[in-house]
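Content type PDB, C-alpha atoms, from the file model_22.pdb:
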MODEL        1
ATOM      1  CA  MET A   9      25.183  25.980 -65.396
ATOM      2  CA  MET A  10      22.129  24.475 -63.710
ATOM      3  CA  LYS A  11      19.052  26.697 -63.775
ATOM      4  CA  ILE A  12      16.801  27.377 -60.788
ATOM      5  CA  ALA A  13      13.469  29.131 -61.476
ATOM      6  CA  LEU A  14      12.630  31.728 -58.815
ATOM      7  CA  PRO A  15       9.633  34.065 -58.366
ATOM      8  CA  ASN A  16      10.268  37.411 -60.030
ATOM      9  CA  LYS A  17       8.335  39.609 -57.592
ATOM     10  CA  GLY A  18       6.296  39.786 -54.417
ATOM     11  CA  ARG A  19       6.837  38.708 -50.836
ATOM     12  CA  LEU A  20       7.695  35.151 -51.874
ATOM     13  CA  SER A  21      10.477  36.459 -54.112
ATOM     14  CA  GLU A  22      11.976  38.458 -51.242
ATOM     15  CA  GLU A  23      11.968  35.508 -48.858
ATOM     16  CA  VAL A  24      13.471  33.160 -51.457
ATOM     17  CA  ARG A  25      16.324  35.570 -52.183
ATOM     18  CA  GLU A  26      17.008  35.987 -48.466
ATOM     19  CA  LEU A  27      17.181  32.211 -48.027
ATOM     20  CA  PHE A  28      19.587  31.712 -50.918
ATOM     21  CA  ASN A  29      21.777  34.601 -49.725
ATOM     22  CA  ASP A  30      21.921  33.137 -46.205
ATOM     23  CA  ALA A  31      22.888  29.758 -47.701
ATOM     24  CA  GLY A  32      25.929  31.315 -49.374
ATOM     25  CA  LEU A  33      24.280  31.408 -52.801
ATOM     26  CA  GLU A  34      24.176  35.169 -53.186
ATOM     27  CA  VAL A  35      21.722  36.401 -55.808
ATOM     28  CA  ARG A  36      23.873  38.584 -58.056
ATOM     29  CA  VAL A  37      21.750  40.511 -60.551
ATOM     30  CA  ARG A  38      23.019  42.876 -63.244
ATOM     31  CA  GLY A  39      20.090  45.250 -62.754
ATOM     32  CA  GLU A  40      16.606  45.566 -61.281
ATOM     33  CA  ARG A  41      14.958  44.229 -64.460
ATOM     34  CA  ALA A  42      17.407  41.406 -65.086
ATOM     35  CA  LEU A  43      15.731  38.118 -65.981
ATOM     36  CA  THR A  44      18.663  35.973 -64.845
ATOM     37  CA  ALA A  45      21.237  36.075 -62.060
ATOM     38  CA  SER A  46      24.117  34.097 -60.650
ATOM     39  CA  LEU A  47      23.454  32.177 -57.451
ATOM     40  CA  GLY A  48      26.861  32.340 -55.796
ATOM     41  CA  GLY A  49      28.475  31.191 -59.036
ATOM     42  CA  GLU A  50      27.044  27.693 -58.441
ATOM     43  CA  PHE A  51      23.670  27.978 -60.171
ATOM     44  CA  GLU A  52      21.871  30.334 -62.526
ATOM     45  CA  ALA A  53      18.565  31.842 -61.404
ATOM     46  CA  ILE A  54      15.843  32.615 -63.924
ATOM     47  CA  PHE A  55      13.131  34.975 -62.711
ATOM     48  CA  VAL A  56       9.591  34.188 -63.847
ATOM     49  CA  ARG A  57       6.055  34.472 -62.496
ATOM     50  CA  ALA A  58       5.481  32.153 -59.550
ATOM     51  CA  GLN A  59       2.516  30.521 -61.332
ATOM     52  CA  ASP A  60       4.694  29.693 -64.355
ATOM     53  CA  ILE A  61       7.450  27.953 -62.391
ATOM     54  CA  PRO A  62       5.809  24.478 -62.316
ATOM     55  CA  GLU A  63       5.557  24.573 -66.121
ATOM     56  CA  PHE A  64       9.161  25.747 -66.608
ATOM     57  CA  VAL A  65      10.492  23.015 -64.330
ATOM     58  CA  ALA A  66       8.280  20.220 -65.657
ATOM     59  CA  ASP A  67       9.273  21.067 -69.252
ATOM     60  CA  GLY A  68      12.995  21.057 -68.367
ATOM     61  CA  ALA A  69      13.571  24.772 -68.960
ATOM     62  CA  ALA A  70      14.870  24.806 -65.373
ATOM     63  CA  HIS A  71      16.318  21.951 -63.336
ATOM     64  CA  ALA A  72      14.441  23.068 -60.227
ATOM     65  CA  GLY A  73      12.340  25.922 -58.924
ATOM     66  CA  VAL A  74      10.787  27.494 -55.857
ATOM     67  CA  THR A  75       7.094  28.332 -55.784
ATOM     68  CA  GLY A  76       3.954  27.819 -53.722
ATOM     69  CA  TRP A  77       2.563  24.331 -53.197
ATOM     70  CA  ASP A  78      -0.841  25.693 -54.253
ATOM     71  CA  LEU A  79       0.556  26.674 -57.659
ATOM     72  CA  VAL A  80       2.286  23.307 -58.074
ATOM     73  CA  ASN A  81      -0.993  21.487 -57.468
ATOM     74  CA  GLU A  82      -2.989  23.837 -59.684
ATOM     75  CA  ALA A  83      -0.568  23.240 -62.566
ATOM     76  CA  GLY A  84      -1.036  19.489 -62.230
ATOM     77  CA  ARG A  85       2.398  18.721 -63.705
ATOM     78  CA  GLU A  86       4.563  15.834 -62.482
ATOM     79  CA  LEU A  87       7.423  17.192 -60.399
ATOM     80  CA  ASP A  88       9.748  15.880 -57.703
ATOM     81  CA  LEU A  89       9.110  17.566 -54.361
ATOM     82  CA  LEU A  90      12.535  18.171 -52.801
ATOM     83  CA  MET A  91      11.713  20.127 -49.656
ATOM     84  CA  ASP A  92       9.300  22.367 -47.793
ATOM     85  CA  LEU A  93      10.965  25.752 -47.263
ATOM     86  CA  GLU A  94       8.640  26.541 -44.352
ATOM     87  CA  PHE A  95       7.663  30.088 -45.328
ATOM     88  CA  GLY A  96       4.896  31.628 -47.411
ATOM     89  CA  ARG A  97       2.370  29.566 -45.456
ATOM     90  CA  CYS A  98      -1.255  30.004 -46.458
ATOM     91  CA  ARG A  99      -4.432  28.020 -47.045
ATOM     92  CA  LEU A 100      -6.696  27.636 -50.048
ATOM     93  CA  VAL A 101     -10.166  27.839 -48.527
ATOM     94  CA  VAL A 102     -13.827  27.796 -49.443
ATOM     95  CA  ALA A 103     -15.561  30.973 -48.272
ATOM     96  CA  ALA A 104     -19.197  32.076 -48.336
ATOM     97  CA  ARG A 105     -20.989  35.322 -47.507
ATOM     98  CA  GLU A 106     -21.809  35.689 -43.823
ATOM     99  CA  GLU A 107     -25.523  35.966 -44.562
ATOM    100  CA  SER A 108     -25.572  32.906 -46.855
ATOM    101  CA  GLY A 109     -26.289  30.482 -44.033
ATOM    102  CA  ILE A 110     -23.504  28.185 -45.273
ATOM    103  CA  THR A 111     -21.348  27.059 -42.350
ATOM    104  CA  SER A 112     -19.418  24.186 -43.949
ATOM    105  CA  ALA A 113     -18.494  22.911 -47.403
ATOM    106  CA  ASP A 114     -21.375  20.456 -47.057
ATOM    107  CA  GLY A 115     -23.733  23.397 -47.361
ATOM    108  CA  VAL A 116     -22.621  24.153 -50.919
ATOM    109  CA  LYS A 117     -25.536  23.112 -53.131
ATOM    110  CA  ASP A 118     -25.346  21.621 -56.608
ATOM    111  CA  GLY A 119     -25.362  24.271 -59.307
ATOM    112  CA  MET A 120     -23.775  26.980 -57.160
ATOM    113  CA  ARG A 121     -21.172  29.148 -58.859
ATOM    114  CA  VAL A 122     -17.693  29.162 -57.342
ATOM    115  CA  ALA A 123     -15.221  31.935 -58.247
ATOM    116  CA  SER A 124     -11.520  31.106 -57.969
ATOM    117  CA  CYS A 125      -8.050  31.757 -59.354
ATOM    118  CA  PHE A 126      -7.553  28.000 -58.869
ATOM    119  CA  PRO A 127     -10.187  26.450 -61.152
ATOM    120  CA  ARG A 128      -8.505  23.032 -61.362
ATOM    121  CA  LEU A 129      -8.147  22.556 -57.602
ATOM    122  CA  THR A 130     -11.634  23.948 -57.034
ATOM    123  CA  GLN A 131     -13.218  21.542 -59.493
ATOM    124  CA  GLU A 132     -11.292  18.581 -58.050
ATOM    125  CA  PHE A 133     -12.274  19.480 -54.489
ATOM    126  CA  PHE A 134     -16.011  19.544 -55.137
ATOM    127  CA  THR A 135     -15.974  16.625 -57.587
ATOM    128  CA  LYS A 136     -14.333  14.385 -54.968
ATOM    129  CA  ARG A 137     -17.066  15.400 -52.554
ATOM    130  CA  GLY A 138     -19.760  14.553 -55.088
ATOM    131  CA  GLN A 139     -20.910  18.162 -55.391
ATOM    132  CA  GLN A 140     -21.737  19.551 -58.836
ATOM    133  CA  VAL A 141     -20.704  23.213 -58.958
ATOM    134  CA  VAL A 142     -20.016  25.698 -61.736
ATOM    135  CA  VAL A 143     -16.454  27.009 -61.496
ATOM    136  CA  VAL A 144     -16.012  30.649 -62.507
ATOM    137  CA  PRO A 145     -12.307  31.319 -63.225
ATOM    138  CA  VAL A 146     -11.077  34.772 -62.179
ATOM    139  CA  SER A 147      -7.617  36.307 -62.351
ATOM    140  CA  GLY A 148      -7.657  38.044 -58.995
ATOM    141  CA  ALA A 149      -9.738  39.546 -56.159
ATOM    142  CA  ALA A 150     -12.045  36.529 -55.989
ATOM    143  CA  GLU A 151     -13.530  37.797 -52.718
ATOM    144  CA  ILE A 152     -15.495  40.492 -54.564
ATOM    145  CA  ALA A 153     -17.297  37.975 -56.801
ATOM    146  CA  PRO A 154     -20.229  37.181 -54.430
ATOM    147  CA  HIS A 155     -20.904  40.894 -53.914
ATOM    148  CA  LEU A 156     -21.095  41.441 -57.692
ATOM    149  CA  GLY A 157     -23.351  38.459 -58.264
ATOM    150  CA  ILE A 158     -20.685  36.681 -60.302
ATOM    151  CA  ALA A 159     -20.561  33.721 -57.930
ATOM    152  CA  ASP A 160     -22.224  32.360 -54.807
ATOM    153  CA  ILE A 161     -19.011  31.350 -53.023
ATOM    154  CA  VAL A 162     -15.257  31.638 -53.555
ATOM    155  CA  VAL A 163     -12.168  29.481 -53.242
ATOM    156  CA  ASP A 164      -9.268  31.761 -52.381
ATOM    157  CA  LEU A 165      -5.928  31.921 -50.587
ATOM    158  CA  THR A 166      -5.697  33.252 -47.062
ATOM    159  CA  SER A 167      -3.066  33.349 -44.360
ATOM    160  CA  THR A 168      -4.951  34.937 -41.461
ATOM    161  CA  GLY A 169      -8.491  35.148 -42.821
ATOM    162  CA  SER A 170      -8.638  38.899 -42.167
ATOM    163  CA  THR A 171      -9.198  39.887 -45.813
ATOM    164  CA  LEU A 172     -12.091  37.464 -46.132
ATOM    165  CA  LYS A 173     -13.716  38.796 -42.954
ATOM    166  CA  MET A 174     -13.181  42.364 -44.116
ATOM    167  CA  ASN A 175     -15.191  41.529 -47.221
ATOM    168  CA  GLY A 176     -18.032  39.849 -45.359
ATOM    169  CA  LEU A 177     -16.918  36.279 -46.034
ATOM    170  CA  ARG A 178     -16.290  33.357 -43.711
ATOM    171  CA  GLU A 179     -14.295  30.190 -44.203
ATOM    172  CA  VAL A 180     -16.382  27.053 -44.543
ATOM    173  CA  GLY A 181     -13.763  24.550 -45.717
ATOM    174  CA  THR A 182     -10.097  24.009 -46.534
ATOM    175  CA  VAL A 183      -8.996  22.808 -49.962
ATOM    176  CA  LEU A 184      -5.225  22.820 -49.460
ATOM    177  CA  GLU A 185      -2.500  23.999 -47.080
ATOM    178  CA  SER A 186       0.416  25.605 -48.872
ATOM    179  CA  SER A 187       3.938  26.912 -48.359
ATOM    180  CA  ALA A 188       6.987  27.566 -50.523
ATOM    181  CA  ARG A 189       8.464  24.341 -51.908
ATOM    182  CA  LEU A 190      11.614  23.410 -53.807
ATOM    183  CA  VAL A 191      10.574  21.218 -56.739
ATOM    184  CA  ALA A 192      12.630  19.564 -59.480
ATOM    185  CA  CYS A 193      12.241  18.212 -62.983
ATOM    186  CA  LYS A 194      11.677  14.456 -63.075
ATOM    187  CA  ARG A 195      13.986  14.172 -66.100
ATOM    188  CA  ASN A 196      17.104  15.458 -64.336
ATOM    189  CA  ASP A 197      20.207  13.311 -64.831
ATOM    190  CA  SER A 198      22.253  11.849 -61.972
ATOM    191  CA  GLU A 199      24.663  14.793 -61.838
ATOM    192  CA  ALA A 200      21.779  17.262 -61.544
ATOM    193  CA  VAL A 201      20.171  15.130 -58.828
ATOM    194  CA  HIS A 202      23.454  15.120 -56.881
ATOM    195  CA  ARG A 203      23.875  18.889 -57.131
ATOM    196  CA  LEU A 204      20.271  19.484 -56.109
ATOM    197  CA  ASP A 205      20.841  17.253 -53.093
ATOM    198  CA  GLU A 206      23.738  19.545 -52.120
ATOM    199  CA  LEU A 207      21.433  22.534 -52.616
ATOM    200  CA  LYS A 208      18.868  20.915 -50.316
ATOM    201  CA  GLN A 209      21.517  20.477 -47.624
ATOM    202  CA  ALA A 210      22.616  24.114 -47.922
ATOM    203  CA  LEU A 211      19.088  25.503 -47.732
ATOM    204  CA  GLY A 212      18.122  23.019 -45.027
ATOM    205  CA  SER A 213      21.027  24.048 -42.805
ATOM    206  CA  VAL A 214      19.799  27.664 -42.894
ATOM    207  CA  LEU A 215      16.203  26.674 -42.176
ATOM    208  CA  ALA A 216      17.313  24.439 -39.293
ATOM    209  CA  ALA A 217      19.219  27.359 -37.742
ATOM    210  CA  ARG A 218      16.269  29.726 -37.871
ATOM    211  CA  GLY A 219      14.478  29.828 -34.558
ATOM    212  CA  LYS A 220      17.546  28.474 -32.724
ATOM    213  CA  ARG A 221      20.210  30.180 -30.628
ATOM    214  CA  TYR A 222      23.643  29.083 -29.393
ATOM    215  CA  LEU A 223      23.858  29.507 -25.625
ATOM    216  CA  MET A 224      26.963  29.446 -23.434
ATOM    217  CA  ALA A 225      27.067  29.789 -19.654
ATOM    218  CA  ASN A 226      29.337  29.222 -16.681
ATOM    219  CA  VAL A 227      27.536  26.690 -14.488
ATOM    220  CA  PRO A 228      28.206  25.521 -10.919
ATOM    221  CA  ARG A 229      29.026  21.796 -11.021
ATOM    222  CA  ARG A 230      26.373  21.125  -8.394
ATOM    223  CA  ALA A 231      23.724  22.640 -10.701
ATOM    224  CA  LEU A 232      24.472  20.453 -13.734
ATOM    225  CA  PRO A 233      21.472  18.126 -13.179
ATOM    226  CA  GLN A 234      19.072  21.100 -13.110
ATOM    227  CA  VAL A 235      20.766  22.720 -16.118
ATOM    228  CA  ARG A 236      20.386  19.498 -18.081
ATOM    229  CA  GLU A 237      16.633  19.825 -17.612
ATOM    230  CA  VAL A 238      16.650  23.489 -18.693
ATOM    231  CA  ILE A 239      18.813  23.133 -21.815
ATOM    232  CA  PRO A 240      18.766  19.592 -23.165
ATOM    233  CA  GLY A 241      20.300  20.762 -26.475
ATOM    234  CA  LEU A 242      20.370  18.584 -29.592
ATOM    235  CA  ASN A 243      22.049  15.648 -27.838
ATOM    236  CA  GLY A 244      22.420  17.121 -24.395
ATOM    237  CA  PRO A 245      24.516  20.192 -23.508
ATOM    238  CA  THR A 246      28.278  20.201 -24.030
ATOM    239  CA  VAL A 247      30.159  20.545 -20.736
ATOM    240  CA  VAL A 248      33.737  21.885 -20.790
ATOM    241  CA  ASP A 249      36.166  22.436 -17.912
ATOM    242  CA  ILE A 250      37.250  26.047 -17.386
ATOM    243  CA  MET A 251      40.909  26.816 -16.644
ATOM    244  CA  ASN A 252      41.024  28.053 -13.052
ATOM    245  CA  GLY A 253      37.236  27.803 -13.061
ATOM    246  CA  GLY A 254      37.043  26.191  -9.655
ATOM    247  CA  ASP A 255      33.520  24.975  -9.056
ATOM    248  CA  TYR A 256      32.321  26.220 -12.458
ATOM    249  CA  VAL A 257      32.224  24.516 -15.857
ATOM    250  CA  ALA A 258      31.265  25.943 -19.263
ATOM    251  CA  VAL A 259      28.045  24.642 -20.766
ATOM    252  CA  HIS A 260      27.196  25.094 -24.467
ATOM    253  CA  ALA A 261      23.884  24.184 -26.115
ATOM    254  CA  VAL A 262      21.559  24.940 -29.028
ATOM    255  CA  VAL A 263      18.215  26.166 -27.675
ATOM    256  CA  PRO A 264      14.895  27.419 -29.104
ATOM    257  CA  ALA A 265      14.871  31.182 -29.650
ATOM    258  CA  LYS A 266      11.215  31.537 -28.673
ATOM    259  CA  THR A 267      11.875  30.364 -25.116
ATOM    260  CA  ILE A 268      15.271  32.023 -24.592
ATOM    261  CA  TYR A 269      13.881  34.566 -22.108
ATOM    262  CA  ARG A 270      12.625  31.828 -19.765
ATOM    263  CA  THR A 271      15.763  29.754 -20.340
ATOM    264  CA  ILE A 272      18.055  32.577 -19.191
ATOM    265  CA  ASN A 273      15.938  33.207 -16.091
ATOM    266  CA  ALA A 274      15.970  29.493 -15.220
ATOM    267  CA  LEU A 275      19.766  29.353 -15.560
ATOM    268  CA  LYS A 276      20.257  32.413 -13.384
ATOM    269  CA  ALA A 277      17.974  30.884 -10.753
ATOM    270  CA  VAL A 278      20.392  27.956 -10.275
ATOM    271  CA  GLY A 279      23.487  30.173 -10.068
ATOM    272  CA  CYS A 280      24.723  30.316 -13.675
ATOM    273  CA  GLU A 281      26.938  33.247 -14.697
ATOM    274  CA  GLY A 282      28.467  34.721 -17.861
ATOM    275  CA  ILE A 283      25.481  33.730 -20.001
ATOM    276  CA  LEU A 284      26.023  34.453 -23.704
ATOM    277  CA  VAL A 285      23.483  33.954 -26.496
ATOM    278  CA  THR A 286      24.342  34.209 -30.212
ATOM    279  CA  ARG A 287      22.547  33.616 -33.501
ATOM    280  CA  ILE A 288      23.326  30.556 -35.621
ATOM    281  CA  GLU A 289      23.856  30.943 -39.362
ATOM    282  CA  ARG A 290      23.694  27.257 -40.235
ATOM    283  CA  LEU A 291      22.905  24.040 -38.449
ATOM    284  CA  MET A 292      23.698  20.659 -39.969
ATOM    285  CA  PRO A 293      21.773  17.977 -38.030
TER     286      PRO A 293
ENDMDL
END
Starting from the file, give its structure as structure tokens.
Amino acid sequence: MMKIALPNKGRLSEEVRELFNDAGLEVRVRGERALTASLGGEFEAIFVRAQDIPEFVADGAAHAGVTGWDLVNEAGRELDLLMDLEFGRCRLVVAAREESGITSADGVKDGMRVASCFPRLTQEFFTKRGQQVVVVPVSGAAEIAPHLGIADIVVDLTSTGSTLKMNGLREVGTVLESSARLVACKRNDSEAVHRLDELKQALGSVLAARGKRYLMANVPRRALPQVREVIPGLNGPTVVDIMNGGDYVAVHAVVPAKTIYRTINALKAVGCEGILVTRIERLMP
């Protein structure tokens, strides 16, 4: 059974499990503290800390894994990047105290102390810029370091920047943009590569369907040119004759969920009737 390393806790763990469940690879655990689980009977999940997943996968303890791109880069291990899962988005940023006078990463002076849970990425970032800093590794809550005199600036993860602002810090540079990624061991054999390709397709079909809706409407034939502009669909809307429909035809299309309100109003404005909108579970491009 092929092993997939998944985060054992936190928001990332919840989103990963939801994705696999939606892809038909239900996470079946024996109990809350179980360290392994079946993924729809196709794969075996092993639950470990998100920061340990790059090591597990690189060493071959798991054929593939899901973790943050920031953690993959911090580990520095050679892995195959299979796909961006498009959630868990955040940024690894340089932040300084508001009163420091530093407004960009260029303002970081040689010899300054930088606190971070990502010492490797932090050192690489400033070294590439030709800045000589002293990296202070911390295990968490890096934003408190400047207030305690432990460091002058921090390199920390943020999604909205609100936590940094709350603690009197402002962003002055971006080290890395991150999201959840599916990564694989470079030593996988051809069979494992094939099965992981199938896994990519399954997960990708769920991701492609998110943010999309399937729309159906009865459309006056005369309004088809206008409707084509409103709902272009993937390759144009599908037009089907309706039995005893008279001047009406049925139009089907995949449309963006975020604009569905305006889409419905635009269709009604040109005389469309019987408009139906449904969710899509999977979408294979």
Which is closest to A:Cys98 among A:Ala210, A:Val248, A:Ala188, A:Leu204, if we use only C-alpha atoms? A:Ala188
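Residues matching the PyMOL selection byres ((chain A and resi 64-68) around 7) in this structure come to Asp60, Ile61, Pro62, Glu63, Ala69, Ala70, His71, Ala72, Gly73, Arg85, Glu86, Leu87, Ala192 and Cys193 of chain A.
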Check what the PyMOL selection byres ((chain A and resi 125) around 12) selects in the file above and give those residues as a ChimeraX atom specification. /A:59,78-79,82-83,100-101,122-124,126-131,143-151,153,162-165
Within 12 Å of (21.3, 27.2, -28.7), all atoms listed in the file: residues as a ChimeraX atom specification? /A:216-225,238-246,259-268,271-272,283-291
Give as a tab-separated table (two decimals) with C-alpha atoms, keeping the file's coordinate frame every residue, naming chains and numbers as the document does, that has an atom within 9 Å of (-21.7, 27.4, -57.3), counting all atoms listed in the file.
chain	number	residue	atom	x	y	z
A	116	VAL	CA	-22.62	24.15	-50.92
A	117	LYS	CA	-25.54	23.11	-53.13
A	118	ASP	CA	-25.35	21.62	-56.61
A	119	GLY	CA	-25.36	24.27	-59.31
A	120	MET	CA	-23.78	26.98	-57.16
A	121	ARG	CA	-21.17	29.15	-58.86
A	122	VAL	CA	-17.69	29.16	-57.34
A	123	ALA	CA	-15.22	31.94	-58.25
A	140	GLN	CA	-21.74	19.55	-58.84
A	141	VAL	CA	-20.70	23.21	-58.96
A	142	VAL	CA	-20.02	25.70	-61.74
A	143	VAL	CA	-16.45	27.01	-61.50
A	144	VAL	CA	-16.01	30.65	-62.51
A	159	ALA	CA	-20.56	33.72	-57.93
A	160	ASP	CA	-22.22	32.36	-54.81
A	161	ILE	CA	-19.01	31.35	-53.02
A	162	VAL	CA	-15.26	31.64	-53.56
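What the PyMOL selection byres ((chain A and resi 175) around 10) picks from this file is Arg105, Glu106, Glu151, Ile152, Pro154, His155, Ser170, Thr171, Leu172, Lys173, Met174, Gly176, Leu177 and Arg178 of chain A.
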I need the residues from that last selection saved to file as a short mmCIF file (atom, residue, chain, number, x, y, z; two decimals), in the frame of the given file (with C-alpha atoms), if you can.
data_model
loop_
_atom_site.label_atom_id
_atom_site.label_comp_id
_atom_site.auth_asym_id
_atom_site.auth_seq_id
_atom_site.Cartn_x
_atom_site.Cartn_y
_atom_site.Cartn_z
CA ARG A 105 -20.99 35.32 -47.51
CA GLU A 106 -21.81 35.69 -43.82
CA GLU A 151 -13.53 37.80 -52.72
CA ILE A 152 -15.50 40.49 -54.56
CA PRO A 154 -20.23 37.18 -54.43
CA HIS A 155 -20.90 40.89 -53.91
CA SER A 170 -8.64 38.90 -42.17
CA THR A 171 -9.20 39.89 -45.81
CA LEU A 172 -12.09 37.46 -46.13
CA LYS A 173 -13.72 38.80 -42.95
CA MET A 174 -13.18 42.36 -44.12
CA GLY A 176 -18.03 39.85 -45.36
CA LEU A 177 -16.92 36.28 -46.03
CA ARG A 178 -16.29 33.36 -43.71
#
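Using all atoms listed in the file, the contacts of A:Glu50 at a cut-off of 10 Å, with sequence neighbours closer than 3 positions omitted, comprise Met9, Met10, Lys11, Gly32, Leu33, Glu34, Ser46, Leu47, Ala53, Arg203 and Leu207 of chain A.
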Emit as lines of an AutoDock Vina configuration file the padded axis-aligned box for all listed atoms of stretch 13-23 of chain A, 3 Å per side, with centre and edge lengths in Å to one decimal.
center_x = 9.9
center_y = 34.5
center_z = -55.2
size_x = 13.2
size_y = 16.7
size_z = 18.6
Distance in Å - atom CA of A:Thr44 versus atom CA of A:Leu211: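 Between these atoms lies a distance of 20.1 Å.
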For stretch 124-131 of chain A, write all heavy atoms out as a compact mmCIF listing (two decimals), in the first residue's frame.
# COMPACT_ATOMS: atom_id res chain seq x y z
N SER A 124 13.40 33.98 13.79
CA SER A 124 12.53 33.26 12.86
C SER A 124 12.44 31.78 13.19
O SER A 124 13.40 31.20 13.71
CB SER A 124 13.04 33.43 11.42
OG SER A 124 12.18 32.77 10.51
N CYS A 125 11.30 31.20 12.84
CA CYS A 125 11.13 29.74 12.89
C CYS A 125 11.66 29.10 11.61
O CYS A 125 11.62 27.88 11.47
CB CYS A 125 9.65 29.38 13.05
SG CYS A 125 8.85 30.07 14.50
N PHE A 126 12.14 29.95 10.69
CA PHE A 126 12.66 29.49 9.40
C PHE A 126 14.10 29.99 9.24
O PHE A 126 14.38 30.83 8.37
CB PHE A 126 11.78 29.99 8.26
CG PHE A 126 10.36 29.50 8.31
CD1 PHE A 126 9.42 30.17 9.08
CD2 PHE A 126 9.98 28.37 7.61
CE1 PHE A 126 8.11 29.71 9.14
CE2 PHE A 126 8.67 27.91 7.66
CZ PHE A 126 7.73 28.58 8.43
N PRO A 127 15.02 29.48 10.06
CA PRO A 127 16.39 30.00 10.03
C PRO A 127 17.09 29.80 8.69
O PRO A 127 17.84 30.68 8.24
CB PRO A 127 17.09 29.22 11.15
CG PRO A 127 16.24 28.01 11.38
CD PRO A 127 14.84 28.44 11.10
N ARG A 128 16.85 28.68 8.02
CA ARG A 128 17.52 28.41 6.75
C ARG A 128 17.07 29.40 5.68
O ARG A 128 17.90 30.01 4.98
CB ARG A 128 17.24 26.98 6.30
CG ARG A 128 17.93 26.58 5.01
CD ARG A 128 17.68 25.10 4.68
NE ARG A 128 18.36 24.74 3.45
CZ ARG A 128 17.85 24.91 2.25
NH1 ARG A 128 16.64 25.43 2.10
NH2 ARG A 128 18.53 24.55 1.18
N LEU A 129 15.76 29.58 5.52
CA LEU A 129 15.25 30.50 4.52
C LEU A 129 15.64 31.94 4.84
O LEU A 129 15.93 32.73 3.94
CB LEU A 129 13.73 30.39 4.43
CG LEU A 129 13.19 29.14 3.73
CD1 LEU A 129 11.67 29.08 3.84
CD2 LEU A 129 13.61 29.10 2.28
N THR A 130 15.64 32.27 6.13
CA THR A 130 16.02 33.62 6.55
C THR A 130 17.47 33.92 6.19
O THR A 130 17.78 34.98 5.62
CB THR A 130 15.81 33.77 8.07
OG1 THR A 130 14.43 33.56 8.38
CG2 THR A 130 16.22 35.16 8.54
N GLN A 131 18.35 32.97 6.50
CA GLN A 131 19.76 33.17 6.20
C GLN A 131 19.98 33.29 4.70
O GLN A 131 20.73 34.17 4.23
CB GLN A 131 20.59 32.01 6.76
CG GLN A 131 22.10 32.22 6.68
CD GLN A 131 22.56 33.36 7.58
OE1 GLN A 131 22.51 33.25 8.80
NE2 GLN A 131 22.99 34.47 6.98
